[in-house]
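Visitor: Pasting in a structure now, in structure tokens, and then I'll have a few things to ask.
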Amino acid sequence: MSLHRTHRTGALTLVVLAACAAPPARLQPPPTPARADVAARVDSVLREFMARNQIASLSVAVSRGNETLVQRTLGVADVAAERPATNEMAYRTASVSKQFTAALLLKQVDRRRLSLGDSIGHFLTGLRPEWRKLTIEQLLNHTSGLHREFRQPSRMTEDLPSDTLILWAARDTMLSAPGTRHVYSNVGYMLLGALVEKSYGKSYAAALRDEISRPLGLRTLGWCTKPEAGVTEVTGYAYTPQGAMQKATYLHSSQSLGSGGICASAGDLAAWNRALHGGRVLSAGSYAAMTTPRGAAVADGYGFGVRIEATPWGTSSIFHDGGTPGFAAQSAWYPAEQLSVAVLYSGLKSPAVGGLLAKQLGAIALGKTLPAPTEAR
């Protein structure tokens, strides 16, 4: 589920949208500030953040152009075993996964196997009658009118096929008429995950591996619970109401189909940002569609699996965050500055504070100043 709750009251400026409408021809880092200075400031902020917030682990990757400025991982991957977390370990990325679902489907649009105006009922069965006319675009930008959630808490640990997930979701009616409101919906992205499997003729995990992870050399990026050989997944932790840390409630990744089932290291998320926004994944037209809010999604700045946000210094960022039991994640790309920031957490008490940290790291890399994220003990 997404942790971002801020609602926008008007359309973003054309200047902001234009900055995100097409991938840059080349990745050239701007001349500010020096790598060593960024690393020193980031290290100081991370030490303070870890000291103030009792979390199990934190992994960060910041890059500018093709240059990695900082890659750090602090804390432990397994509290009981006191096993240190490392840069190579994978975290659950939660709703940051949605941009991968969008990219997989847009690759099929580029191949003319799908169209954004196609109705989901043309491909999937088991839908409510009123769902059949929902378009792929409406599902991608959360203007379908579908409910937010569909899962059953008593069955969260089960490995379930998409047919069962669709059956669960189909118990609910529509929240609003399609195309009239932006309502964040994991139901919609579950249907899109099922469409990925249908259109590629293979599991979502296999499509992700064959279309994204292997071609781009992203070794840790894959379907949670089924990592590639040699990839270790960090254990998720959460806090009880009494303030004690414990292993998080387990949610089987099959139940996050399309909406949040992907694991990755911070370094691979940063590499993904460079590839996607550097024009190595989609055609210029599909990339523009992905990063340009349209229709009822404009007010919330939502494209396809990403949000477009104005920065305090007058440019823009392409951003998404996420949270799932035991984990939180933020991934941001600043197109004007060609900067990537990826931050992954296990056992973070306040996801909102995690989002502020990610934005502060972006500001540091650009020589800007934002207030330090704080949380009372």
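In the structure tokens, chains take letters A, B, ... by order of appearance, with residues numbered from 1 within each chain and ligands from 1 in the order shown.
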Which residues, written as an mmCIF file with N, CA, C and O atoms, in the first residue's frame, have at least one atom at most 10 Å from Asn87 of chain A, with only C-alpha atoms counted and residues fewer than 4 positions away on the same chain left out?
Guide:
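The new file part10.cif reads:
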data_model
loop_
_atom_site.group_PDB
_atom_site.id
_atom_site.type_symbol
_atom_site.label_atom_id
_atom_site.label_comp_id
_atom_site.auth_asym_id
_atom_site.auth_seq_id
_atom_site.Cartn_x
_atom_site.Cartn_y
_atom_site.Cartn_z
ATOM 1 N N LEU A 58 18.444 -0.100 7.381
ATOM 2 C CA LEU A 58 18.208 0.995 6.455
ATOM 3 C C LEU A 58 19.223 0.874 5.332
ATOM 4 O O LEU A 58 20.419 0.692 5.581
ATOM 5 N N SER A 59 18.760 0.944 4.079
ATOM 6 C CA SER A 59 19.669 0.862 2.940
ATOM 7 C C SER A 59 19.398 2.023 1.991
ATOM 8 O O SER A 59 18.234 2.314 1.676
ATOM 9 N N VAL A 60 20.468 2.687 1.532
ATOM 10 C CA VAL A 60 20.361 3.913 0.750
ATOM 11 C C VAL A 60 21.267 3.830 -0.470
ATOM 12 O O VAL A 60 22.389 3.325 -0.384
ATOM 13 N N ALA A 61 20.785 4.323 -1.597
ATOM 14 C CA ALA A 61 21.621 4.499 -2.784
ATOM 15 C C ALA A 61 21.254 5.830 -3.437
ATOM 16 O O ALA A 61 20.087 6.066 -3.748
ATOM 17 N N GLN A 71 26.283 4.774 -1.389
ATOM 18 C CA GLN A 71 25.533 3.542 -1.187
ATOM 19 C C GLN A 71 25.890 3.012 0.193
ATOM 20 O O GLN A 71 27.037 2.669 0.462
ATOM 21 N N ARG A 72 24.896 2.987 1.078
ATOM 22 C CA ARG A 72 25.129 2.608 2.469
ATOM 23 C C ARG A 72 24.012 1.696 2.958
ATOM 24 O O ARG A 72 22.843 1.886 2.595
ATOM 25 N N THR A 73 24.349 0.760 3.824
ATOM 26 C CA THR A 73 23.360 -0.066 4.506
ATOM 27 C C THR A 73 23.765 -0.177 5.967
ATOM 28 O O THR A 73 24.904 -0.531 6.276
ATOM 29 N N LEU A 74 22.831 0.147 6.856
ATOM 30 C CA LEU A 74 23.089 0.147 8.288
ATOM 31 C C LEU A 74 22.102 -0.778 8.980
ATOM 32 O O LEU A 74 20.978 -0.990 8.508
ATOM 33 N N SER A 265 17.500 -4.520 -3.909
ATOM 34 C CA SER A 265 18.426 -3.723 -3.121
ATOM 35 C C SER A 265 18.261 -2.254 -3.508
ATOM 36 O O SER A 265 17.728 -1.937 -4.581
ATOM 37 N N ALA A 266 18.725 -1.363 -2.646
ATOM 38 C CA ALA A 266 18.667 0.060 -2.974
ATOM 39 C C ALA A 266 19.508 0.356 -4.212
ATOM 40 O O ALA A 266 19.130 1.180 -5.055
ATOM 41 N N GLY A 267 20.639 -0.316 -4.339
ATOM 42 C CA GLY A 267 21.491 -0.098 -5.499
ATOM 43 C C GLY A 267 20.816 -0.467 -6.798
ATOM 44 O O GLY A 267 20.955 0.242 -7.813
ATOM 45 N N ASP A 268 20.067 -1.576 -6.799
ATOM 46 C CA ASP A 268 19.360 -1.967 -8.017
ATOM 47 C C ASP A 268 18.183 -1.051 -8.308
ATOM 48 O O ASP A 268 17.837 -0.827 -9.474
#
Visitor: With a distance cut-off of 12 Å and only C-alpha atoms, select the neighbouring residues of Leu139 of chain A, excluding the residue or stretch itself and same-chain residues fewer than 4 positions from it, and output the selection as number ranges by chain.
Guide: A: 98, 101-102, 105, 116-120, 131-135, 143-148, 178-179, 181-193, 195, 258-259, 297, 302-305
Visitor: Please run DSSP on the backbone and report, as a PyMOL selection string, all residues within segment 149-235 of chain A that come out as helix (DSSP H, G or I).
Guide: chain A and resi 153-155+162-169+186-200+204-216
Visitor: Can I get the selection written as a PDB file, in the first residue's frame, with C-alpha atoms?
Guide:
ATOM      1  CA  PRO A 153      -6.381 -10.678   6.851  1.00  0.00           C
ATOM      2  CA  SER A 154      -7.000 -14.247   8.045  1.00  0.00           C
ATOM      3  CA  ARG A 155      -5.441 -15.659   4.849  1.00  0.00           C
ATOM      4  CA  SER A 162      -4.793 -14.511  -9.551  1.00  0.00           C
ATOM      5  CA  ASP A 163      -8.199 -16.147 -10.072  1.00  0.00           C
ATOM      6  CA  THR A 164      -8.704 -16.278  -6.309  1.00  0.00           C
ATOM      7  CA  LEU A 165      -7.585 -12.678  -5.858  1.00  0.00           C
ATOM      8  CA  ILE A 166     -10.021 -11.530  -8.540  1.00  0.00           C
ATOM      9  CA  LEU A 167     -12.805 -13.511  -6.847  1.00  0.00           C
ATOM     10  CA  TRP A 168     -12.087 -11.742  -3.547  1.00  0.00           C
ATOM     11  CA  ALA A 169     -12.006  -8.320  -5.176  1.00  0.00           C
ATOM     12  CA  ASN A 186      -4.367  -1.995  -5.089  1.00  0.00           C
ATOM     13  CA  VAL A 187      -7.311  -3.861  -6.621  1.00  0.00           C
ATOM     14  CA  GLY A 188      -6.631  -2.148  -9.938  1.00  0.00           C
ATOM     15  CA  TYR A 189      -2.949  -3.044  -9.883  1.00  0.00           C
ATOM     16  CA  MET A 190      -3.768  -6.632  -8.963  1.00  0.00           C
ATOM     17  CA  LEU A 191      -5.842  -6.798 -12.151  1.00  0.00           C
ATOM     18  CA  LEU A 192      -2.926  -5.278 -14.046  1.00  0.00           C
ATOM     19  CA  GLY A 193      -0.622  -7.921 -12.559  1.00  0.00           C
ATOM     20  CA  ALA A 194      -2.992 -10.597 -13.841  1.00  0.00           C
ATOM     21  CA  LEU A 195      -2.902  -8.861 -17.232  1.00  0.00           C
ATOM     22  CA  VAL A 196       0.912  -8.999 -17.211  1.00  0.00           C
ATOM     23  CA  GLU A 197       0.702 -12.766 -16.798  1.00  0.00           C
ATOM     24  CA  LYS A 198      -1.959 -13.044 -19.505  1.00  0.00           C
ATOM     25  CA  SER A 199      -0.170 -10.871 -22.038  1.00  0.00           C
ATOM     26  CA  TYR A 200       3.248 -12.455 -21.553  1.00  0.00           C
ATOM     27  CA  TYR A 204       4.655 -12.191 -13.250  1.00  0.00           C
ATOM     28  CA  ALA A 205       7.966 -13.253 -11.673  1.00  0.00           C
ATOM     29  CA  ALA A 206       9.172 -14.708 -14.988  1.00  0.00           C
ATOM     30  CA  ALA A 207       8.054 -11.661 -16.986  1.00  0.00           C
ATOM     31  CA  LEU A 208       9.867  -9.352 -14.549  1.00  0.00           C
ATOM     32  CA  ARG A 209      13.013 -11.478 -14.760  1.00  0.00           C
ATOM     33  CA  ASP A 210      13.025 -11.826 -18.544  1.00  0.00           C
ATOM     34  CA  GLU A 211      11.980  -8.282 -19.453  1.00  0.00           C
ATOM     35  CA  ILE A 212      13.639  -6.159 -16.769  1.00  0.00           C
ATOM     36  CA  SER A 213      15.955  -7.804 -14.249  1.00  0.00           C
ATOM     37  CA  ARG A 214      18.184  -9.831 -16.565  1.00  0.00           C
ATOM     38  CA  PRO A 215      18.368  -7.401 -19.513  1.00  0.00           C
ATOM     39  CA  LEU A 216      19.320  -4.571 -17.171  1.00  0.00           C
TER      40      LEU A 216
END
Visitor: Mind giving me the straight-line distance from atom CA of Ala352 of chain A to atom CA of Tyr239 of chain A in Å, one decimal?
Guide: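 We find that atom CA of Ala352 of chain A and atom CA of Tyr239 of chain A lie 15.3 Å from each other.
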Visitor: At a cut-off of 12 Å, using only C-alpha atoms, what residues contact segment 46-52 of chain A? Leave out same-chain residues fewer than 6 positions from it and give the result as a PyMOL selection string.
Guide: chain A and resi 39-40+58-61+70-76+343+345-350+353-354+356-358+360-361+364+372-377
Visitor: Which residues come within 7 Å of Ala77 of chain A, counting only C-alpha atoms, excluding same-chain residues fewer than 5 positions away, as a ChimeraX atom specification?
Guide: /A:57,83-85,234-235
Visitor: One decimal, in Å: what's the spacing between atom CA of Thr173 of chain A and atom CA of His320 of chain A?
Guide: 27.3 Å
Visitor: Closest to Gly362 of chain A among A:Val341, A:Ile136, A:Val38, A:Ala284, using only C-alpha atoms?
Guide: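 The closest residue to Gly362 of chain A is A:Val341.
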Visitor: Work out how far atom CA of Asp159 of chain A is from atom CA of Ser254 of chain A, in Å to one decimal.
Guide: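 Calculated distance between atom CA of Ser254 of chain A and atom CA of Asp159 of chain A is 5.7 Å.
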Visitor: I need the residues in segment 141-319 of chain A that are strand (DSSP E or B) according to DSSP; give them as a ChimeraX atom specification.
Guide: /A:222-223,233,237-239,245-247,262-264,302,307-310,316-319
